[in-house]
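Remarks on the structure that follows.
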Amino acid sequence: MPLEIALGDALVPGMLLVYLGCLLVLWAVDTIVGRYGLYRYVWHPSLFRVAVFFVLFGAAGLLLYP
Amino acid sequence: MKIQPQALLRFSITAVVVIVALVLGHALWRHYMYSPWTRDGRIRAEVIRIAPDISGLVTRVPALDNQEVKKGDVLFEIDPERFRIALQQAEANLAAAKASAKAAGANVDAVLASANARRAEYDMRQDQAKRRQELADVVPKEERTDAKSSADTALAIWQQAQASGHQAGAAREQAEAAVVQAQVAVDRAKLDLERTEVRAPVDGYVTNLDVRVGDYAATGSPRLALIDRHSYYIYGYFEETKLPHLRVGDPVQIRLMSGGTELKGRITGVARGITDRDNPTGRDLLADVNPTFNWVRLAQRVPVRIQIDEDSVPKGVILAAGMTASIDVQPRRVLDKEREQPQ
């Protein structure tokens with residue numbers, strides 16, 4: 001994964017794409033969890049969502065940029 | 001109050017996810033802050049400022065701007081006529097000096113011959129005087145005294161001739177030294193004549209050619225820049241927070257801003273000093289300390305010199321000094337893996 005990506009002639013950090021990807025994944029996870037009503041096993045849904053995002057983003061970032 | 005098992009489960013699931021998120025977030029932050037890479041790399045090259053060794057009018061400029069030249073190619077030529085004339089003069093001087101050395105040699109011979117004649121004369125007079133002295137009863141006293149003094153005169157004349165001999169020898173040595181001097185002048189004139197052609201000292205590229213036919217080129221004032229084609233290197237300006245994670249010899253991945261070309265390289269050195277920008281000397285020679293924020297501190301950039309692996313430069317890629325590059329220092333484990341592979 002390159003450290004920087006030319007996005008319409010502007011160099012942006014590759015991390016930005018990872019961030020956007022993680023938002024998409026989070027949206028998918030959120031939809032699935034909401035659909036099956038699994039939020040009843042969660043104490044604080046907003047905090048849970050933020051934490052899940054950081055887990056995704058941290059794991060993806062560390063795996064893609066060793 | 002009794003805790004519901006359901007509530008405990010809900011709380012612990014959330015807590016675990018939050019803790020994992022905190023750990024991963026912190027790890028990513030550290031990784032991003034301290035992993036040694038920079039987007040602030042500059043390609044640099046050694047530039048030779050070509051200046052003529054002699055002054056004169058420029059008569060020929062065979063080099064073109066941005067042309068690739070080989071070591072020894074003529075870059076421009078200064079009017080050689082003056083130096084040719086100087087060489088002729090020096091050669092004439094040398095011939096004259098040689099002739100006068102020859103004359104001095106002949107003079108020495110002549111003076112030595114005359115000294116020999118004087119010596120013979122002195123011997124004769126001395127013998128005469130001695131004989132007359134022995135015949136004291138027959139020869140009158142006046143005649144004996146005359147003979148003695150003429151022998152003394154002959155001795156003085158001989159000694160004078162000897163002194164002239166020494167003088168002539170010294171004059172010959174002087175003339176010989178003048179020959180050597182004239183020879184040196186000839187060599188120098190030849191060197192000057194050679195230096196009218198300004199040649200490329202290395203293989204490289206002519207840059208900023210600012211010399212035209214008819215210009216007056218003065219000794220020592222640079223007229224064009226020549227970039228050594230084998231001297232390209234990169235200065236990566238790494239934040240000081242990243243410095244502990246790079247070492248001399250680490251392989252690096254270089255990505256040029258132009259076309260995203262990937263090159264390989266190796267760290268060859270870390271600068272051991274940069275200017276302290278917060279402390280210039282102000283008026284009255286007092287320190288002019290820049291007030292900074294208490295909590296926001298900017299990491300300084302320290303130049304790290306990187307040697308480009310010439311084999312990794314693809315054909316057709318143009319490297320120009322001043323281009324921007326991103327530099328990613330390969331982590332140590334990549335290096336270790338490379339080391340394991342050949343075994």
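Here, A, B, ... name the chains of the structure tokens in the order displayed, residue numbers run from 1 inside each chain, and ligands are numbered from 1 in the same displayed order.
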What are the closest atom pairs, with distances in Å to one decimal, for each residue of chain B lying within 8 Å of chain A, using only C-alpha atoms, rows by chain and rising residue number, as JSON lines?
{"residue": "B:Gln6", "atom": "CA", "partner": "A:Tyr41", "partner_atom": "CA", "distance": 7.6}
{"residue": "B:Ala7", "atom": "CA", "partner": "A:Trp43", "partner_atom": "CA", "distance": 7.4}
{"residue": "B:Leu9", "atom": "CA", "partner": "A:Tyr41", "partner_atom": "CA", "distance": 6.9}
{"residue": "B:Arg10", "atom": "CA", "partner": "A:Val42", "partner_atom": "CA", "distance": 4.5}
{"residue": "B:Phe11", "atom": "CA", "partner": "A:Trp43", "partner_atom": "CA", "distance": 5.0}
{"residue": "B:Ile13", "atom": "CA", "partner": "A:Val42", "partner_atom": "CA", "distance": 6.6}
{"residue": "B:Thr14", "atom": "CA", "partner": "A:Phe48", "partner_atom": "CA", "distance": 5.9}
{"residue": "B:Val17", "atom": "CA", "partner": "A:Ala51", "partner_atom": "CA", "distance": 6.1}
{"residue": "B:Val18", "atom": "CA", "partner": "A:Ala51", "partner_atom": "CA", "distance": 5.0}
{"residue": "B:Val20", "atom": "CA", "partner": "A:Val55", "partner_atom": "CA", "distance": 6.5}
{"residue": "B:Ala21", "atom": "CA", "partner": "A:Val55", "partner_atom": "CA", "distance": 4.5}
{"residue": "B:Leu22", "atom": "CA", "partner": "A:Phe54", "partner_atom": "CA", "distance": 7.5}
{"residue": "B:Leu24", "atom": "CA", "partner": "A:Gly58", "partner_atom": "CA", "distance": 5.0}
{"residue": "B:Gly25", "atom": "CA", "partner": "A:Gly58", "partner_atom": "CA", "distance": 5.3}
{"residue": "B:Ala27", "atom": "CA", "partner": "A:Gly58", "partner_atom": "CA", "distance": 7.5}
{"residue": "B:Leu28", "atom": "CA", "partner": "A:Gly58", "partner_atom": "CA", "distance": 5.6}
{"residue": "B:His31", "atom": "CA", "partner": "A:Leu62", "partner_atom": "CA", "distance": 7.7}
Please save all heavy atoms of the selected residues as a tab-separated table (two decimals), in the first residue's frame.
chain	number	residue	atom	x	y	z
B	6	GLN	N	-27.69	-10.21	32.23
B	6	GLN	CA	-27.79	-9.58	30.90
B	6	GLN	C	-27.03	-8.26	30.87
B	6	GLN	O	-26.26	-8.00	29.93
B	6	GLN	CB	-29.28	-9.35	30.61
B	6	GLN	CG	-29.57	-8.55	29.36
B	6	GLN	CD	-29.92	-9.45	28.19
B	6	GLN	OE1	-30.04	-10.66	28.36
B	6	GLN	NE2	-30.06	-8.88	27.03
B	7	ALA	N	-27.23	-7.44	31.92
B	7	ALA	CA	-26.58	-6.12	31.96
B	7	ALA	C	-25.06	-6.27	32.02
B	7	ALA	O	-24.32	-5.55	31.36
B	7	ALA	CB	-27.07	-5.35	33.18
B	9	LEU	N	-23.27	-8.76	30.84
B	9	LEU	CA	-22.82	-9.16	29.50
B	9	LEU	C	-22.72	-7.95	28.58
B	9	LEU	O	-21.72	-7.75	27.90
B	9	LEU	CB	-23.80	-10.18	28.94
B	9	LEU	CG	-23.43	-10.73	27.55
B	9	LEU	CD1	-22.21	-11.62	27.65
B	9	LEU	CD2	-24.60	-11.49	26.94
B	10	ARG	N	-23.80	-7.13	28.61
B	10	ARG	CA	-23.81	-5.95	27.74
B	10	ARG	C	-22.61	-5.05	28.05
B	10	ARG	O	-21.89	-4.60	27.17
B	10	ARG	CB	-25.10	-5.16	27.96
B	10	ARG	CG	-26.30	-5.80	27.29
B	10	ARG	CD	-27.57	-5.14	27.75
B	10	ARG	NE	-27.59	-3.73	27.37
B	10	ARG	CZ	-28.44	-2.84	27.88
B	10	ARG	NH1	-29.31	-3.22	28.79
B	10	ARG	NH2	-28.43	-1.61	27.49
B	11	PHE	N	-22.41	-4.85	29.36
B	11	PHE	CA	-21.32	-3.94	29.74
B	11	PHE	C	-19.95	-4.51	29.36
B	11	PHE	O	-19.10	-3.80	28.82
B	11	PHE	CB	-21.37	-3.70	31.25
B	11	PHE	CG	-20.28	-2.78	31.72
B	11	PHE	CD1	-20.40	-1.40	31.51
B	11	PHE	CD2	-19.13	-3.27	32.33
B	11	PHE	CE1	-19.40	-0.55	31.91
B	11	PHE	CE2	-18.13	-2.41	32.73
B	11	PHE	CZ	-18.27	-1.05	32.52
B	13	ILE	N	-19.11	-6.73	27.00
B	13	ILE	CA	-18.86	-6.73	25.55
B	13	ILE	C	-18.39	-5.35	25.11
B	13	ILE	O	-17.37	-5.18	24.44
B	13	ILE	CB	-20.14	-7.15	24.79
B	13	ILE	CG1	-20.34	-8.66	24.90
B	13	ILE	CG2	-20.03	-6.76	23.32
B	13	ILE	CD1	-21.58	-9.15	24.23
B	14	THR	N	-19.13	-4.34	25.56
B	14	THR	CA	-18.78	-2.97	25.17
B	14	THR	C	-17.38	-2.61	25.69
B	14	THR	O	-16.56	-2.04	24.96
B	14	THR	CB	-19.81	-1.99	25.74
B	14	THR	OG1	-21.11	-2.49	25.40
B	14	THR	CG2	-19.64	-0.60	25.14
B	17	VAL	N	-14.59	-4.24	23.67
B	17	VAL	CA	-14.40	-3.59	22.37
B	17	VAL	C	-13.74	-2.23	22.54
B	17	VAL	O	-12.82	-1.86	21.79
B	17	VAL	CB	-15.75	-3.47	21.64
B	17	VAL	CG1	-15.60	-2.62	20.39
B	17	VAL	CG2	-16.26	-4.84	21.26
B	18	VAL	N	-14.14	-1.47	23.55
B	18	VAL	CA	-13.55	-0.15	23.77
B	18	VAL	C	-12.07	-0.26	24.12
B	18	VAL	O	-11.24	0.49	23.61
B	18	VAL	CB	-14.33	0.59	24.88
B	18	VAL	CG1	-13.56	1.81	25.36
B	18	VAL	CG2	-15.70	1.01	24.38
B	20	VAL	N	-9.98	-2.73	23.35
B	20	VAL	CA	-9.24	-3.11	22.13
B	20	VAL	C	-9.07	-1.90	21.22
B	20	VAL	O	-8.00	-1.65	20.65
B	20	VAL	CB	-9.96	-4.26	21.39
B	20	VAL	CG1	-9.34	-4.50	20.04
B	20	VAL	CG2	-9.91	-5.51	22.23
B	21	ALA	N	-10.14	-1.10	21.10
B	21	ALA	CA	-10.08	0.09	20.25
B	21	ALA	C	-9.02	1.05	20.76
B	21	ALA	O	-8.24	1.60	19.97
B	21	ALA	CB	-11.44	0.78	20.21
B	22	LEU	N	-8.94	1.23	22.07
B	22	LEU	CA	-7.94	2.14	22.64
B	22	LEU	C	-6.53	1.64	22.34
B	22	LEU	O	-5.65	2.41	21.91
B	22	LEU	CB	-8.13	2.26	24.15
B	22	LEU	CG	-9.31	3.15	24.59
B	22	LEU	CD1	-9.45	3.11	26.11
B	22	LEU	CD2	-9.09	4.58	24.12
B	24	LEU	N	-5.50	-0.46	19.95
B	24	LEU	CA	-5.17	-0.39	18.52
B	24	LEU	C	-4.97	1.06	18.07
B	24	LEU	O	-4.05	1.36	17.31
B	24	LEU	CB	-6.28	-1.03	17.70
B	24	LEU	CG	-6.22	-2.55	17.60
B	24	LEU	CD1	-7.39	-3.07	16.79
B	24	LEU	CD2	-4.92	-2.99	16.96
B	25	GLY	N	-5.83	1.94	18.57
B	25	GLY	CA	-5.71	3.35	18.19
B	25	GLY	C	-4.37	3.91	18.63
B	25	GLY	O	-3.68	4.60	17.87
B	27	ALA	N	-1.62	2.20	19.19
B	27	ALA	CA	-0.55	1.56	18.41
B	27	ALA	C	-0.45	2.23	17.04
B	27	ALA	O	0.65	2.53	16.55
B	27	ALA	CB	-0.82	0.07	18.26
B	28	LEU	N	-1.61	2.49	16.42
B	28	LEU	CA	-1.60	3.12	15.09
B	28	LEU	C	-1.00	4.52	15.17
B	28	LEU	O	-0.21	4.92	14.31
B	28	LEU	CB	-3.02	3.16	14.54
B	28	LEU	CG	-3.13	3.65	13.10
B	28	LEU	CD1	-2.44	2.69	12.17
B	28	LEU	CD2	-4.59	3.81	12.70
B	31	HIS	N	2.65	4.23	15.53
B	31	HIS	CA	3.23	3.76	14.28
B	31	HIS	C	3.34	4.92	13.28
B	31	HIS	O	4.36	5.13	12.65
B	31	HIS	CB	2.35	2.65	13.71
B	31	HIS	CG	2.91	2.02	12.48
B	31	HIS	ND1	4.05	1.26	12.52
B	31	HIS	CD2	2.50	2.04	11.20
B	31	HIS	CE1	4.32	0.84	11.30
B	31	HIS	NE2	3.40	1.30	10.47
So that I can see what lies close to B:Asp123, please list as a PyMOL selection string the residues with an atom at most 12 Å from it, counting only C-alpha atoms and leaving out residues fewer than 2 positions away in the same chain.
chain B and resi 116-121+125-130+150-155+157-158
Could you go through stretch 2-65 of chain A and tell me which residues DSSP, when run on the backbone, assigns to alpha helix (DSSP H), listing them as number ranges by chain?
A: 14-35, 45-64
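Residue-level DSSP output for chain A, from the backbone, shows strand (DSSP E) at Glu4, Ile5, Ala6, Leu7, Ala10, Leu11, Val12 and Pro13 of chain A.
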Applying 7 Å and only C-alpha atoms, which residues near stretch 196-205 of chain B remain after dropping the ones on its own chain fewer than 5 positions away? List them as a list in words.
Pro52, Ile54, Asn66, Gln67, Glu68, Val69, Lys70, Lys71, Gly72, Asp73, Val74, Leu75, Phe76, Glu77, Ile78, Asp79, Pro80, Leu226, Ile227, Asp228 and Arg229 of chain B
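For the pair atom CA of B:Arg188 and atom CA of B:Asn93, the interatomic distance is 13.1 Å.
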As a count of residues only, please: the residues near B:Val186 (cut-off 8 Å, only C-alpha atoms, same-chain neighbours under 5 positions excluded).
4
B:Asp284, B:Glu240, B:Asp109, B:Asp311: which is nearest B:Ala271, counting only C-alpha atoms?
B:Glu240
Could you give me, as an MDAnalysis selection string, the residues within 12 Å of stretch 174-183 of chain B, counting only C-alpha atoms and dropping anything in the same chain fewer than 4 positions from it?
chainID B and resid 87:108 167:170 187:190
Please save N, CA, C and O atoms of the selected residues as a short mmCIF file (atom, residue, chain, number, x, y, z; two decimals), in the first residue's frame.
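Listing of out-v1.cif after writing:
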data_model
loop_
_atom_site.label_atom_id
_atom_site.label_comp_id
_atom_site.auth_asym_id
_atom_site.auth_seq_id
_atom_site.Cartn_x
_atom_site.Cartn_y
_atom_site.Cartn_z
N LEU B 87 53.69 31.89 -26.22
CA LEU B 87 54.51 30.68 -26.31
C LEU B 87 55.70 30.93 -27.23
O LEU B 87 56.83 30.55 -26.91
N GLN B 88 55.42 31.61 -28.39
CA GLN B 88 56.52 31.89 -29.32
C GLN B 88 57.57 32.75 -28.64
O GLN B 88 58.78 32.51 -28.76
N GLN B 89 57.09 33.75 -27.91
CA GLN B 89 58.03 34.64 -27.22
C GLN B 89 58.87 33.86 -26.22
O GLN B 89 60.09 34.01 -26.13
N ALA B 90 58.20 32.99 -25.48
CA ALA B 90 58.91 32.21 -24.47
C ALA B 90 59.93 31.30 -25.14
O ALA B 90 61.05 31.13 -24.63
N GLU B 91 59.56 30.74 -26.30
CA GLU B 91 60.51 29.88 -26.99
C GLU B 91 61.71 30.68 -27.49
O GLU B 91 62.85 30.22 -27.41
N ALA B 92 61.43 31.92 -27.99
CA ALA B 92 62.54 32.78 -28.44
C ALA B 92 63.45 33.11 -27.27
O ALA B 92 64.68 33.06 -27.38
N ASN B 93 62.82 33.41 -26.12
CA ASN B 93 63.61 33.72 -24.92
C ASN B 93 64.49 32.53 -24.55
O ASN B 93 65.64 32.68 -24.16
N LEU B 94 63.91 31.34 -24.69
CA LEU B 94 64.66 30.13 -24.36
C LEU B 94 65.85 30.00 -25.28
O LEU B 94 66.98 29.71 -24.83
N ALA B 95 65.64 30.24 -26.59
CA ALA B 95 66.74 30.14 -27.55
C ALA B 95 67.83 31.14 -27.20
O ALA B 95 69.02 30.82 -27.18
N ALA B 96 67.39 32.37 -26.86
CA ALA B 96 68.37 33.42 -26.51
C ALA B 96 69.15 33.00 -25.27
O ALA B 96 70.39 33.14 -25.21
N ALA B 97 68.45 32.47 -24.28
CA ALA B 97 69.11 32.07 -23.04
C ALA B 97 70.11 30.95 -23.32
O ALA B 97 71.23 30.94 -22.77
N LYS B 98 69.70 30.02 -24.22
CA LYS B 98 70.61 28.93 -24.55
C LYS B 98 71.87 29.47 -25.23
O LYS B 98 72.98 29.04 -24.92
N ALA B 99 71.67 30.45 -26.15
CA ALA B 99 72.81 31.03 -26.85
C ALA B 99 73.73 31.72 -25.87
O ALA B 99 74.96 31.56 -25.92
N SER B 100 73.15 32.47 -24.93
CA SER B 100 74.03 33.19 -24.00
C SER B 100 74.72 32.22 -23.06
O SER B 100 75.85 32.46 -22.64
N ALA B 101 74.06 31.07 -22.77
CA ALA B 101 74.74 30.07 -21.95
C ALA B 101 75.95 29.50 -22.71
O ALA B 101 77.02 29.29 -22.13
N LYS B 102 75.74 29.31 -24.03
CA LYS B 102 76.85 28.80 -24.84
C LYS B 102 78.00 29.80 -24.85
O LYS B 102 79.17 29.45 -24.68
N ALA B 103 77.65 31.11 -25.02
CA ALA B 103 78.67 32.16 -25.04
C ALA B 103 79.42 32.19 -23.72
O ALA B 103 80.65 32.31 -23.69
N ALA B 104 78.67 32.04 -22.63
CA ALA B 104 79.31 32.07 -21.30
C ALA B 104 80.27 30.89 -21.17
O ALA B 104 81.38 31.04 -20.62
N GLY B 105 79.84 29.73 -21.73
CA GLY B 105 80.73 28.57 -21.69
C GLY B 105 82.02 28.84 -22.45
O GLY B 105 83.13 28.57 -21.95
N ALA B 106 81.90 29.44 -23.65
CA ALA B 106 83.08 29.76 -24.46
C ALA B 106 83.97 30.74 -23.72
O ALA B 106 85.20 30.62 -23.71
N ASN B 107 83.35 31.72 -23.08
CA ASN B 107 84.09 32.74 -22.33
C ASN B 107 84.91 32.09 -21.23
O ASN B 107 86.08 32.43 -21.02
N VAL B 108 84.30 31.11 -20.55
CA VAL B 108 85.04 30.41 -19.50
C VAL B 108 86.30 29.77 -20.08
O VAL B 108 87.39 29.90 -19.52
N GLN B 167 84.90 34.27 -12.12
CA GLN B 167 83.79 35.16 -12.52
C GLN B 167 83.08 34.58 -13.73
O GLN B 167 81.85 34.53 -13.79
N ALA B 168 83.91 34.12 -14.69
CA ALA B 168 83.32 33.58 -15.91
C ALA B 168 82.50 32.32 -15.59
O ALA B 168 81.42 32.12 -16.16
N GLY B 169 83.01 31.52 -14.64
CA GLY B 169 82.27 30.30 -14.24
C GLY B 169 80.92 30.67 -13.65
O GLY B 169 79.89 30.07 -13.98
N ALA B 170 80.97 31.69 -12.78
CA ALA B 170 79.70 32.12 -12.15
C ALA B 170 78.74 32.62 -13.21
O ALA B 170 77.54 32.34 -13.19
N ASP B 187 57.13 26.12 -20.63
CA ASP B 187 56.15 25.14 -20.14
C ASP B 187 54.87 25.84 -19.69
O ASP B 187 53.77 25.37 -19.97
N ARG B 188 55.05 26.96 -19.00
CA ARG B 188 53.88 27.67 -18.52
C ARG B 188 53.05 28.21 -19.70
O ARG B 188 51.82 28.16 -19.68
N ALA B 189 53.75 28.72 -20.69
CA ALA B 189 53.03 29.24 -21.87
C ALA B 189 52.26 28.11 -22.54
O ALA B 189 51.13 28.28 -23.00
N LYS B 190 52.89 26.91 -22.59
CA LYS B 190 52.21 25.75 -23.19
C LYS B 190 50.97 25.39 -22.39
O LYS B 190 49.91 25.10 -22.95
#
